[in-house]
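As structure tokens, the structure follows; a few thoughts come after it.
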Amino acid sequence: MKDFQFHRPSSVAEAVALLKARPDAKLLSGGQSLIPVLKLDLAEPSDLISLAGIGELRDIRVDGDRIVIGALVTHDAVHRSPEVQQHIPALATLAGTIGDAQVRNRGTLGGSVAHADPAADYPAALLALGATIATDRRKIAADDFFTGLFETALERDEVVVAVHFPIPKRAAYAKFSHRASKYALVGVMVVDTGHNVRVAVTGAGPKVFRHANIEGILERDFAVDALAAASTPPDELNGDLEASAEYRAHLITVMARRAVQACL
Ligand SMILES: Cc1cc2nc3c(=O)[nH]c(=O)nc-3n(C[C@H](O)[C@H](O)[C@H](O)COP(=O)(O)OP(=O)(O)OC[C@H]3O[C@@H](n4cnc5c(N)ncnc54)[C@H](O)[C@@H]3O)c2cc1C
């Protein structure tokens, strides 16, 4: 790990000003993804700007028909939140499946969303729930946010401050985890918004994606057996030592069936 300057701003505006003044600086939230990257010398930031001193980023609140969760809220806090458990229990369940206790106690929603790991869990929830990512300067629909492998619509000096989750009629998340890390080999979030069905898949491709075929089937018939007709071409899916592309394609239907069953 190379030397860096450490900063602990007390406001989002101060963090943004630091980022603007230092082109090679990086934000630090829970450090559960960034610190391993630094240890492997895969990034050499000149400065680390810790968000830990910005209390306003730790709020969870219900705002009409949505839950707003601050960027610095840990996975464990989402998992245990009475508001999340009451209004979007699938999101509380999902947060409880991330990594292990240490990762859940340090890792944050904002860090996970900004990192955009293709096997991370939250991106599937954001996409399927039709969430909105609030930054220091704008709001970005989840549909426009995850642009590629570890790539998002964020500008270099932009800070995620919160995520707005619409409260669905019903939703569930099912994942087939990597045995050690618990990252998703395949994770499927199924959401019935009350107006339409949205299905997002993580872990299977280079980035999280919506599954139009399964959405169409469930729009017509929200039932486990209807998914006998589901299919996913393996051509653009990941294949590795853990699972071939064909196996991941199979797992998508299996996880979708489990998620629908959990909704009923
Ligand atoms: C052993 C292990 C197992 C894991 N298992 C899982 C798993 O099963 N599922 C899963 O989803 N994840 C898993 N993770 C990843 C974990 O969820 C991380 O917490 C998450 O990916 C990053 O959050 P963080 O707060 O630690 O971010 P950090 O590591 O601090 O930052 C990550 C990146 O986001 C940027 N960033 C941080 N905060 C912001 C912000 N507010 N605005 C803009 N940019 C920001 C940083 O500059 C950095 O580039 C695992 C990690 C480990 C180490």
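FYI, nothing fancy with the structure tokens labels: chains A, B, ... in order, residues from 1 per chain, ligands from 1 as they appear.
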Using only C-alpha atoms and all ligand atoms, find each protein or nucleic acid residue lying at most 7 Å from ligand 1; present the set as a PyMOL selection string.
chain A and resi 26-35+71-72+97-100+103-104+106-112+114-115+117+119-122+158-161+181-184
List every residue of region 33-83 of chain A that DSSP, applied to the backbone of this structure, places in helix (DSSP H, G or I), and write the result as an mmCIF file with C-alpha atoms, in the first residue's frame.
data_model
loop_
_atom_site.group_PDB
_atom_site.id
_atom_site.type_symbol
_atom_site.label_atom_id
_atom_site.label_comp_id
_atom_site.auth_asym_id
_atom_site.auth_seq_id
_atom_site.Cartn_x
_atom_site.Cartn_y
_atom_site.Cartn_z
ATOM 1 C CA LEU A 34 -11.388 -0.132 -1.193
ATOM 2 C CA ILE A 35 -8.863 -1.325 1.415
ATOM 3 C CA PRO A 36 -8.361 -4.735 -0.294
ATOM 4 C CA VAL A 37 -7.864 -2.841 -3.579
ATOM 5 C CA LEU A 38 -5.187 -0.644 -1.934
ATOM 6 C CA LYS A 39 -3.491 -3.632 -0.310
ATOM 7 C CA GLY A 55 -23.560 12.094 10.584
ATOM 8 C CA GLU A 56 -26.337 13.114 8.176
ATOM 9 C CA LEU A 57 -25.393 10.182 5.918
ATOM 10 C CA ARG A 58 -26.406 7.643 8.590
ATOM 11 C CA HIS A 75 -25.440 -3.417 5.791
ATOM 12 C CA ASP A 76 -26.091 -4.570 9.376
ATOM 13 C CA ALA A 77 -28.084 -1.416 10.164
ATOM 14 C CA VAL A 78 -30.241 -1.959 7.050
ATOM 15 C CA HIS A 79 -30.738 -5.596 8.076
ATOM 16 C CA ARG A 80 -31.855 -4.605 11.591
ATOM 17 C CA PRO A 82 -37.470 -1.662 11.931
ATOM 18 C CA GLU A 83 -38.497 0.712 9.092
#
Nearby residues (only C-alpha atoms) at most 12 Å from Arg138 (chain A), same-chain spacing under 2 positions excluded, as a PyMOL selection string
chain A and resi 132-136+140-141+145+153-155+158-163
Limited to N, CA and C atoms, could you put the picked residues into a file as a PDB file, in the first residue's frame?
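Everything below was put into result13.pdb:
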ATOM      1  N   THR A 132     -33.836   5.369  -6.616  1.00  0.00           N
ATOM      2  CA  THR A 132     -33.166   6.566  -7.136  1.00  0.00           C
ATOM      3  C   THR A 132     -31.954   6.849  -6.253  1.00  0.00           C
ATOM      4  N   ILE A 133     -30.822   7.106  -6.886  1.00  0.00           N
ATOM      5  CA  ILE A 133     -29.591   7.392  -6.143  1.00  0.00           C
ATOM      6  C   ILE A 133     -29.463   8.912  -6.056  1.00  0.00           C
ATOM      7  N   ALA A 134     -29.415   9.427  -4.815  1.00  0.00           N
ATOM      8  CA  ALA A 134     -29.249  10.870  -4.618  1.00  0.00           C
ATOM      9  C   ALA A 134     -27.776  11.157  -4.363  1.00  0.00           C
ATOM     10  N   THR A 135     -27.231  12.109  -5.103  1.00  0.00           N
ATOM     11  CA  THR A 135     -25.838  12.502  -4.898  1.00  0.00           C
ATOM     12  C   THR A 135     -25.797  13.947  -4.405  1.00  0.00           C
ATOM     13  N   ASP A 136     -24.602  14.472  -4.247  1.00  0.00           N
ATOM     14  CA  ASP A 136     -24.480  15.861  -3.781  1.00  0.00           C
ATOM     15  C   ASP A 136     -25.054  16.848  -4.792  1.00  0.00           C
ATOM     16  N   ILE A 140     -30.268  10.141  -9.689  1.00  0.00           N
ATOM     17  CA  ILE A 140     -30.042   9.265 -10.837  1.00  0.00           C
ATOM     18  C   ILE A 140     -30.896   8.012 -10.657  1.00  0.00           C
ATOM     19  N   ALA A 141     -31.711   7.679 -11.661  1.00  0.00           N
ATOM     20  CA  ALA A 141     -32.515   6.454 -11.597  1.00  0.00           C
ATOM     21  C   ALA A 141     -31.579   5.247 -11.657  1.00  0.00           C
ATOM     22  N   PHE A 145     -27.945   4.052 -13.686  1.00  0.00           N
ATOM     23  CA  PHE A 145     -26.787   4.219 -12.798  1.00  0.00           C
ATOM     24  C   PHE A 145     -25.668   3.214 -13.060  1.00  0.00           C
ATOM     25  N   ALA A 153     -22.695   5.794 -13.307  1.00  0.00           N
ATOM     26  CA  ALA A 153     -22.877   7.112 -13.919  1.00  0.00           C
ATOM     27  C   ALA A 153     -22.262   8.226 -13.075  1.00  0.00           C
ATOM     28  N   LEU A 154     -21.658   7.877 -11.930  1.00  0.00           N
ATOM     29  CA  LEU A 154     -21.083   8.906 -11.051  1.00  0.00           C
ATOM     30  C   LEU A 154     -19.908   9.612 -11.714  1.00  0.00           C
ATOM     31  N   GLU A 155     -19.821  10.933 -11.485  1.00  0.00           N
ATOM     32  CA  GLU A 155     -18.618  11.651 -11.899  1.00  0.00           C
ATOM     33  C   GLU A 155     -17.525  11.427 -10.849  1.00  0.00           C
ATOM     34  N   GLU A 158     -18.109  13.081  -7.443  1.00  0.00           N
ATOM     35  CA  GLU A 158     -19.511  13.056  -7.005  1.00  0.00           C
ATOM     36  C   GLU A 158     -19.659  12.121  -5.806  1.00  0.00           C
ATOM     37  N   VAL A 159     -20.485  12.515  -4.849  1.00  0.00           N
ATOM     38  CA  VAL A 159     -20.665  11.727  -3.622  1.00  0.00           C
ATOM     39  C   VAL A 159     -22.106  11.217  -3.559  1.00  0.00           C
ATOM     40  N   VAL A 160     -22.269   9.906  -3.372  1.00  0.00           N
ATOM     41  CA  VAL A 160     -23.603   9.345  -3.124  1.00  0.00           C
ATOM     42  C   VAL A 160     -23.996   9.735  -1.703  1.00  0.00           C
ATOM     43  N   VAL A 161     -25.173  10.349  -1.542  1.00  0.00           N
ATOM     44  CA  VAL A 161     -25.598  10.747  -0.188  1.00  0.00           C
ATOM     45  C   VAL A 161     -26.718   9.854   0.352  1.00  0.00           C
ATOM     46  N   ALA A 162     -27.539   9.287  -0.538  1.00  0.00           N
ATOM     47  CA  ALA A 162     -28.650   8.443  -0.068  1.00  0.00           C
ATOM     48  C   ALA A 162     -29.218   7.664  -1.237  1.00  0.00           C
ATOM     49  N   VAL A 163     -30.023   6.646  -0.896  1.00  0.00           N
ATOM     50  CA  VAL A 163     -30.782   5.924  -1.924  1.00  0.00           C
ATOM     51  C   VAL A 163     -32.248   5.960  -1.513  1.00  0.00           C
TER      52      VAL A 163
END
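Between CA of Tyr247 (chain A) and CA of Arg210 (chain A) lies a distance of 18.5 Å.
A straight line drawn from CA of Phe150 (chain A) to CA of Pro206 (chain A) is 8.6 Å long.
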Contacts of Leu185 (chain A) at 8 Å or less, counting only C-alpha atoms, minus same-chain residues fewer than 6 places along, as a PyMOL selection string?
chain A and resi 119+175-178+202-204+242-243+248
Any chance you can output those residues with N, CA and C atoms as a PDB file, in the first residue's frame?
ATOM      1  N   ALA A 119     -21.035  -8.742  -8.741  1.00  0.00           N
ATOM      2  CA  ALA A 119     -21.639  -9.814  -7.938  1.00  0.00           C
ATOM      3  C   ALA A 119     -22.217  -9.281  -6.618  1.00  0.00           C
ATOM      4  N   LYS A 175     -30.627 -15.701  -3.508  1.00  0.00           N
ATOM      5  CA  LYS A 175     -29.287 -15.765  -4.106  1.00  0.00           C
ATOM      6  C   LYS A 175     -28.628 -17.103  -3.864  1.00  0.00           C
ATOM      7  N   PHE A 176     -27.824 -17.491  -4.836  1.00  0.00           N
ATOM      8  CA  PHE A 176     -26.956 -18.656  -4.725  1.00  0.00           C
ATOM      9  C   PHE A 176     -25.571 -18.071  -4.480  1.00  0.00           C
ATOM     10  N   SER A 177     -25.065 -18.249  -3.245  1.00  0.00           N
ATOM     11  CA  SER A 177     -23.861 -17.530  -2.820  1.00  0.00           C
ATOM     12  C   SER A 177     -22.582 -18.268  -3.170  1.00  0.00           C
ATOM     13  N   HIS A 178     -21.523 -17.494  -3.391  1.00  0.00           N
ATOM     14  CA  HIS A 178     -20.176 -18.064  -3.400  1.00  0.00           C
ATOM     15  C   HIS A 178     -19.927 -18.647  -2.017  1.00  0.00           C
ATOM     16  N   THR A 202     -28.145 -10.182 -10.437  1.00  0.00           N
ATOM     17  CA  THR A 202     -26.751  -9.821 -10.169  1.00  0.00           C
ATOM     18  C   THR A 202     -25.899 -11.086 -10.144  1.00  0.00           C
ATOM     19  N   GLY A 203     -24.592 -10.909 -10.341  1.00  0.00           N
ATOM     20  CA  GLY A 203     -23.658 -12.031 -10.253  1.00  0.00           C
ATOM     21  C   GLY A 203     -23.516 -12.824 -11.542  1.00  0.00           C
ATOM     22  N   ALA A 204     -24.468 -12.695 -12.437  1.00  0.00           N
ATOM     23  CA  ALA A 204     -24.479 -13.568 -13.616  1.00  0.00           C
ATOM     24  C   ALA A 204     -23.764 -12.957 -14.817  1.00  0.00           C
ATOM     25  N   GLU A 242     -16.191 -21.304 -10.562  1.00  0.00           N
ATOM     26  CA  GLU A 242     -17.319 -21.588  -9.669  1.00  0.00           C
ATOM     27  C   GLU A 242     -18.548 -22.074 -10.422  1.00  0.00           C
ATOM     28  N   ALA A 243     -18.781 -21.497 -11.603  1.00  0.00           N
ATOM     29  CA  ALA A 243     -20.014 -21.824 -12.336  1.00  0.00           C
ATOM     30  C   ALA A 243     -19.867 -21.430 -13.799  1.00  0.00           C
ATOM     31  N   ARG A 248     -25.097 -20.732 -14.667  1.00  0.00           N
ATOM     32  CA  ARG A 248     -25.662 -19.466 -14.161  1.00  0.00           C
ATOM     33  C   ARG A 248     -27.030 -19.205 -14.804  1.00  0.00           C
TER      34      ARG A 248
END
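Closest to Asn238 (chain A) among A:Asp65, A:Glu14, A:Gly205, A:Gln85 is A:Gly205, based on only C-alpha atoms.
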Would you mind reading off the distance between CA of Ala228 (chain A) and CA of Thr253 (chain A), one decimal, in Å?
8.3 Å
Secondary structure check, strand (DSSP E) residues of region 104-239 of chain A, as a ChimeraX atom specification:
/A:132-135,139-141,146-148,151-152,160-166,170-177,184-192,197-202,209-210
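Distances to Ala15 (chain A) were evaluated for A:Gly239, A:Pro234, A:Pro89, A:Gly53 using only C-alpha atoms, and the minimum falls at A:Gly53.
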Please list as a CSV table (one decimal) with N, CA and C atoms, in the first residue's frame every residue within 12 Å of Asp3 (chain A), counting only C-alpha atoms and excluding residues in the same chain fewer than 3 positions away.
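Dumped everything to around-v3.csv:
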chain,number,residue,atom,x,y,z
A,6,PHE,N,-4.7,11.6,4.6
A,6,PHE,CA,-6.1,11.2,5.2
A,6,PHE,C,-6.8,12.4,5.6
A,38,LEU,N,-6.4,-1.4,-2.2
A,38,LEU,CA,-5.2,-0.6,-1.9
A,38,LEU,C,-4.1,-1.6,-1.5
A,39,LYS,N,-4.5,-2.6,-0.8
A,39,LYS,CA,-3.5,-3.6,-0.3
A,39,LYS,C,-2.9,-4.3,-1.5
A,41,ASP,N,-2.4,-3.0,-4.3
A,41,ASP,CA,-1.8,-2.0,-5.2
A,41,ASP,C,-2.5,-1.8,-6.5
A,43,ALA,N,-4.9,0.3,-6.8
A,43,ALA,CA,-5.2,1.7,-6.9
A,43,ALA,C,-4.2,2.4,-6.0
A,44,GLU,N,-3.8,3.7,-6.4
A,44,GLU,CA,-2.8,4.4,-5.6
A,44,GLU,C,-3.3,5.8,-5.4
A,45,PRO,N,-4.4,6.0,-4.6
A,45,PRO,CA,-4.9,7.4,-4.4
A,45,PRO,C,-3.9,8.2,-3.7
A,46,SER,N,-3.9,9.5,-4.0
A,46,SER,CA,-3.0,10.5,-3.3
A,46,SER,C,-3.6,10.8,-1.9
A,47,ASP,N,-4.9,10.7,-1.8
A,47,ASP,CA,-5.6,11.1,-0.6
A,47,ASP,C,-6.8,10.2,-0.4
A,48,LEU,N,-7.1,9.9,0.8
A,48,LEU,CA,-8.3,9.2,1.2
A,48,LEU,C,-9.2,10.1,2.0
Using only C-alpha atoms, can you tell me which of A:Val224, A:Leu42, A:Ala17, A:Leu149 comes closest to Ala259 (chain A)?
A:Val224
